[in-house]
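Chemist: Quick one: the structure is below, questions incoming.
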Amino acid sequence: MKAVVITKAGGPEVLEIREVSDPAPGAGQLLIDIRATALNRADLLQRQGHYPPPADAPPYPGLECAGTINALGESVTGWTVGQRVMALLGGGGYAEKVVVPQESVLPIPEGLSWAEAAAIPEAWLTAYSNMIEIGRLQSGERVLIHAGASGVGSAAIQLAKWRGATVFSTVSQQKVEGVRALGADVVIDYKQENFAERVLEESDGQGVDLILDFIGAPYWDDNLRALALWGRLVLVGLMGGREVKANLGLFLSKKLSVHGSTLRDRTLEQKQRLVAAFTREVLPAFASGQLRPILDERQFTLNEVAEAHRYMEANQNFGKVILLI
Ligand SMILES: NC(=O)c1ccc[n+]([C@@H]2O[C@H](COP(=O)([O-])OP(=O)(O)OC[C@H]3O[C@@H](n4cnc5c(N)ncnc54)[C@H](OP(=O)(O)O)[C@@H]3O)[C@@H](O)[C@H]2O)c1
């Protein structure tokens, strides 16, 4: 099969399409013929040599895919050859085929294209796990979602509105209207105005109950300022940096809590629980059209993978960047 190989750590030019051996499903695993995959920021880090795949994952990048089941390993139950599925991967999505544990596979909701289905697993499971399960977002609460036009951010905004929350979101100027169209109530151009001040202004000085943050260090002080009493900060990415100096007194006086998590290296049991909860609670809302994966206007083929990486690295995408296989 063809797969994208990271020939050495570096820029997009180190990505090469090569002929590699086909994977074969072991016990409890499925072989999927991939029709589409989607980019994630983690793929850029992996290419740069900063985010190696877990030991049991394929070495090729790609954390999610959509396709058809080609073969079933021993003891797989509940899936049939030829079925349309999407999957959360430890790696290997940038390829024609991938082997995946049955616990990480989801059915494709009625009416979704390959590209739309490929845009769901990593972004939506990350948003669901961190904002709903870890962040415990409740109906009627205020949530601040940074990078609202990112793959994860665009999923989180829809999930939060669907759950009955009031959504604040930060985004760069050219993406403001798009994020408003996703349903965000207050959209803040973070390069033009201080987001904490705007949050306090728009919430009668109270702040937000929950923040979903991908930026890290440069947002730390303003995140703490923007949080309400008993506020929760969930750190999911550190695109802006990782070192902070903290005033711990604020945690006591405002009764704050901070959480962080990664999805890729969770155990199979943890992924299975998450996939099952998401399949039960959220997937039906895709079939009914209440939720929709947000795809960037540009799509790429596997041959254009380096160009797709450059595009994401330049922060040009709105929603998910798709690679059609
Ligand atoms: N923990 C986990 O399990 C997990 C799983 C998946 C993703 N993630 C994380 O989630 C984040 C989003 O990933 P994605 O693939 O959805 O991203 P994406 O679609 O590539 O979007 C990233 C957007 O973030 C904004 N941004 C980038 N650097 C920034 C900075 N320094 N300050 C402010 N805004 C910045 C840019 O939008 P603007 O034009 O609006 O600035 C950029 O387009 C990443 O940090 C990723 O690592 C974590």
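By convention in this document, the chains of the structure tokens carry letters A, B, ... by their order, each chain's residues are numbered from 1, and ligands are numbered from 1 in the order they are shown.
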Using only C-alpha atoms and all ligand atoms, find each residue of chain A with at least one atom at most 6 Å away from an atom of ligand 1; report its shortest atom-to-atom pair and that distance in Å (one decimal), sort the rows by chain and rising residue number, and return the result as a Markdown table.

Modeler:
```
| residue | atom | partner | partner_atom_place_in_ligand_line | distance |
| --- | --- | --- | --- | --- |
| A:Asn40 | CA | ligand 1 | 15 (O) | 3.7 |
| A:Arg41 | CA | ligand 1 | 15 (O) | 4.1 |
| A:Ala42 | CA | ligand 1 | 47 (O) | 5.3 |
| A:Glu122 | CA | ligand 1 | 6 (C) | 5.9 |
| A:Ala123 | CA | ligand 1 | 6 (C) | 5.7 |
| A:Thr126 | CA | ligand 1 | 5 (C) | 5.2 |
| A:Ala147 | CA | ligand 1 | 24 (O) | 4.6 |
| A:Ala149 | CA | ligand 1 | 40 (O) | 5.8 |
| A:Ser150 | CA | ligand 1 | 21 (O) | 3.4 |
| A:Gly151 | CA | ligand 1 | 16 (O) | 3.3 |
| A:Val152 | CA | ligand 1 | 16 (O) | 4.0 |
| A:Val171 | CA | ligand 1 | 40 (O) | 3.6 |
| A:Ser172 | CA | ligand 1 | 40 (O) | 3.9 |
| A:Phe214 | CA | ligand 1 | 45 (O) | 4.5 |
| A:Ile215 | CA | ligand 1 | 32 (N) | 5.5 |
| A:Val236 | CA | ligand 1 | 1 (N) | 4.0 |
| A:Gly237 | CA | ligand 1 | 45 (O) | 3.5 |
| A:Leu238 | CA | ligand 1 | 45 (O) | 5.4 |
| A:Met239 | CA | ligand 1 | 45 (O) | 5.0 |
| A:Gly240 | CA | ligand 1 | 31 (N) | 3.9 |
| A:Ser261 | CA | ligand 1 | 1 (N) | 5.1 |
| A:Thr262 | CA | ligand 1 | 3 (O) | 3.4 |
| A:Leu263 | CA | ligand 1 | 3 (O) | 3.6 |
| A:Met312 | CA | ligand 1 | 20 (O) | 5.3 |
| A:Asn315 | CA | ligand 1 | 43 (O) | 3.6 |
| A:Gln316 | CA | ligand 1 | 43 (O) | 5.8 |
| A:Asn317 | CA | ligand 1 | 43 (O) | 5.6 |
| A:Gly319 | CA | ligand 1 | 19 (O) | 5.6 |
| A:Lys320 | CA | ligand 1 | 19 (O) | 5.8 |
```

Chemist: Taking only segment 49-130 of chain A into account, list the residues labelled strand (DSSP E or B) by DSSP (computed from the backbone), as a list in words.

Modeler: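 Put together, the selection reads Glu64, Cys65, Ala66, Gly67, Thr68, Ile69, Asn70, Ala71, Leu72, Arg84, Val85, Met86, Ala87, Leu88, Ala95, Lys97, Val98, Val99, Val100, Pro101, Val105, Leu106 and Pro107 of chain A.
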
Chemist: I'd like a table as CSV: residues in segment 21-61 of chain A with an atom no more than 12 Å from segment 105-112 of chain A, each row giving the shortest atom pair and its distance in Å to one decimal, only C-alpha atoms counted, sorted by chain and rising residue number.

Modeler:
```
residue,atom,partner,partner_atom,distance
A:Gly28,CA,A:Val105,CA,11.4
A:Gln29,CA,A:Val105,CA,9.7
A:Leu30,CA,A:Val105,CA,8.7
A:Leu31,CA,A:Val105,CA,10.8
A:Ile32,CA,A:Val105,CA,10.0
```

Chemist: The selected residues should be written to file as a PDB file, in the first residue's frame (atoms: C-alpha atoms).

Modeler:
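Writing done, so here's again39.pdb:
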```pdb
ATOM      1  CA  GLY A  28      -9.638  -7.892  18.124  1.00  0.00           C
ATOM      2  CA  GLN A  29      -8.518  -5.661  15.223  1.00  0.00           C
ATOM      3  CA  LEU A  30     -10.042  -4.503  11.918  1.00  0.00           C
ATOM      4  CA  LEU A  31      -8.359  -3.687   8.613  1.00  0.00           C
ATOM      5  CA  ILE A  32      -9.817  -0.521   7.073  1.00  0.00           C
TER       6      ILE A  32
END
```

Chemist: Env of Met1 of chain A: 6 Å cut, atoms = only C-alpha atoms, seq-sep filter 4 positions within chain, self excluded. Answer as JSON, numbers by chain.

Modeler: {"A": [19, 20, 22, 96]}

Chemist: Residues at most 12 Å from Val282 of chain A, counting only C-alpha atoms, excluding those fewer than 5 positions away in the same chain, as a ChimeraX atom specification?

Modeler: /A:106,109,120-121,124-125,127-129,132,155,158-160,162-163,274-277,287-292

Chemist: From the set A:Lys97, A:Lys161, A:Arg136, A:His146, which residue has the shortest atom-to-atom contact distance to Pro23 of chain A, counting only C-alpha atoms?

Modeler: A:Lys97

Chemist: Excluding same-chain residues fewer than 6 positions from segment 226-232 of chain A, what lies within 10 Å of it counting only C-alpha atoms, as a short mmCIF file (atom, residue, chain, number, x, y, z; two decimals) with C-alpha atoms, in the first residue's frame?

Modeler:
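The result, written out as part15.cif:
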```cif
data_model
loop_
_atom_site.label_atom_id
_atom_site.label_comp_id
_atom_site.auth_asym_id
_atom_site.auth_seq_id
_atom_site.Cartn_x
_atom_site.Cartn_y
_atom_site.Cartn_z
CA MET A 131 -15.36 19.87 27.69
CA ILE A 134 -13.54 16.40 32.21
CA GLY A 135 -14.84 19.99 32.15
CA ARG A 136 -18.38 18.94 33.21
CA LEU A 137 -20.04 21.68 31.13
CA ARG A 142 -20.69 30.13 30.19
CA VAL A 143 -17.76 28.56 28.36
CA LEU A 144 -14.78 30.22 26.66
CA PHE A 195 -10.16 38.51 25.81
CA ALA A 196 -10.37 38.55 29.63
CA GLU A 197 -11.60 42.15 29.66
CA ARG A 198 -14.19 41.40 26.99
CA VAL A 199 -15.38 38.26 28.82
CA LEU A 200 -15.82 40.21 32.07
CA SER A 203 -20.75 38.66 31.69
CA GLY A 205 -18.07 41.02 35.71
CA GLN A 206 -18.73 37.39 36.59
CA GLY A 207 -16.50 35.53 34.10
CA VAL A 208 -16.90 32.10 32.51
CA ASP A 209 -17.45 28.77 34.27
CA LEU A 210 -15.22 26.78 31.94
CA ILE A 211 -12.34 27.48 29.55
CA LEU A 212 -11.15 25.06 26.87
CA TRP A 220 -2.49 31.76 31.49
CA PHE A 251 -6.77 29.31 42.92
CA LEU A 252 -7.76 29.53 46.58
CA SER A 253 -9.74 32.75 46.51
CA LYS A 254 -11.58 31.94 43.24
CA LYS A 255 -11.79 28.20 44.05
CA LEU A 256 -10.42 27.31 40.62
CA SER A 257 -9.35 23.98 39.20
CA VAL A 258 -7.10 23.17 36.26
CA HIS A 259 -7.10 19.95 34.23
#
```

Chemist: Have a look at A:Arg280, A:Leu250, A:Gln83, A:Ala38 and name the one nearest to Arg298 of chain A; count only C-alpha atoms.

Modeler: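 Using only C-alpha atoms, the shortest distance to Arg298 of chain A belongs to A:Ala38.
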
Chemist: Pick from A:Val5, A:Ser113, A:Thr170, A:Asp265: nearest to Leu63 of chain A, with only C-alpha atoms counted?

Modeler: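 Ranked by minimum distance to Leu63 of chain A, first place goes to A:Asp265.
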
Chemist: Find the spatial neighbours of Gly62 of chain A, counting only C-alpha atoms, within a cut-off of 8 Å - ignore same-chain residues fewer than 4 positions away - and output them as a ChimeraX atom specification.

Modeler: /A:37-40,43,89-94

Chemist: Given the selection you just returned, output its residues as a file containing C-alpha atoms, formatted as a PDB file, in the first residue's frame.

Modeler:
```
ATOM      1  CA  THR A  37      -8.192  11.186   6.681  1.00  0.00           C
ATOM      2  CA  ALA A  38      -7.821  14.579   8.370  1.00  0.00           C
ATOM      3  CA  LEU A  39      -4.876  16.624   9.607  1.00  0.00           C
ATOM      4  CA  ASN A  40      -4.297  17.436  13.255  1.00  0.00           C
ATOM      5  CA  ASP A  43       0.790  15.534  12.938  1.00  0.00           C
ATOM      6  CA  LEU A  89      -6.056   6.065  15.420  1.00  0.00           C
ATOM      7  CA  GLY A  90      -2.780   6.087  17.340  1.00  0.00           C
ATOM      8  CA  GLY A  91      -1.233   6.809  13.916  1.00  0.00           C
ATOM      9  CA  GLY A  92      -1.299   5.536  10.333  1.00  0.00           C
ATOM     10  CA  GLY A  93      -4.181   7.536   8.853  1.00  0.00           C
ATOM     11  CA  TYR A  94      -2.032   8.954   6.018  1.00  0.00           C
TER      12      TYR A  94
END
```

Chemist: Report, in Å to a single decimal, how far apart atom CA of Pro293 of chain A and atom CA of Pro101 of chain A are.

Modeler: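 Result for atom CA of Pro101 of chain A versus atom CA of Pro293 of chain A: 23.6 Å, one decimal.
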
Chemist: Write out as a ChimeraX atom specification all residues of segment 69-166 of chain A that backbone DSSP assigns to helix (DSSP H, G or I).

Modeler: /A:102-104,114-118,121-134,151-162

Chemist: How would the residues just picked look written out with C-alpha atoms as an mmCIF file, in the first residue's frame?

Modeler:
```
data_model
loop_
_atom_site.group_PDB
_atom_site.id
_atom_site.type_symbol
_atom_site.label_atom_id
_atom_site.label_comp_id
_atom_site.auth_asym_id
_atom_site.auth_seq_id
_atom_site.Cartn_x
_atom_site.Cartn_y
_atom_site.Cartn_z
ATOM 1 C CA GLN A 102 -12.262 -2.640 17.427
ATOM 2 C CA GLU A 103 -12.677 -0.426 20.513
ATOM 3 C CA SER A 104 -11.669 2.681 18.497
ATOM 4 C CA TRP A 114 -16.054 10.209 3.599
ATOM 5 C CA ALA A 115 -14.490 13.627 4.189
ATOM 6 C CA GLU A 116 -17.094 14.605 6.781
ATOM 7 C CA ALA A 117 -16.705 11.300 8.619
ATOM 8 C CA ALA A 118 -12.890 11.588 8.625
ATOM 9 C CA PRO A 121 -13.039 11.159 15.510
ATOM 10 C CA GLU A 122 -10.027 13.121 16.814
ATOM 11 C CA ALA A 123 -11.544 16.604 16.952
ATOM 12 C CA TRP A 124 -14.962 15.671 18.320
ATOM 13 C CA LEU A 125 -13.781 13.057 20.812
ATOM 14 C CA THR A 126 -11.223 15.572 22.104
ATOM 15 C CA ALA A 127 -13.894 18.256 22.452
ATOM 16 C CA TYR A 128 -16.380 15.856 24.067
ATOM 17 C CA SER A 129 -13.890 14.294 26.471
ATOM 18 C CA ASN A 130 -12.366 17.560 27.649
ATOM 19 C CA MET A 131 -15.355 19.873 27.691
ATOM 20 C CA ILE A 132 -18.205 17.529 28.635
ATOM 21 C CA GLU A 133 -16.575 14.714 30.609
ATOM 22 C CA ILE A 134 -13.545 16.399 32.212
ATOM 23 C CA GLY A 151 -10.735 21.530 14.161
ATOM 24 C CA VAL A 152 -11.286 20.924 17.878
ATOM 25 C CA GLY A 153 -12.596 24.453 18.555
ATOM 26 C CA SER A 154 -15.241 24.307 15.810
ATOM 27 C CA ALA A 155 -16.465 20.991 17.229
ATOM 28 C CA ALA A 156 -16.441 22.309 20.809
ATOM 29 C CA ILE A 157 -18.516 25.401 19.920
ATOM 30 C CA GLN A 158 -21.250 23.255 18.388
ATOM 31 C CA LEU A 159 -21.207 20.765 21.272
ATOM 32 C CA ALA A 160 -21.420 23.549 23.846
ATOM 33 C CA LYS A 161 -24.358 25.256 22.106
ATOM 34 C CA TRP A 162 -26.064 21.877 21.702
#
```
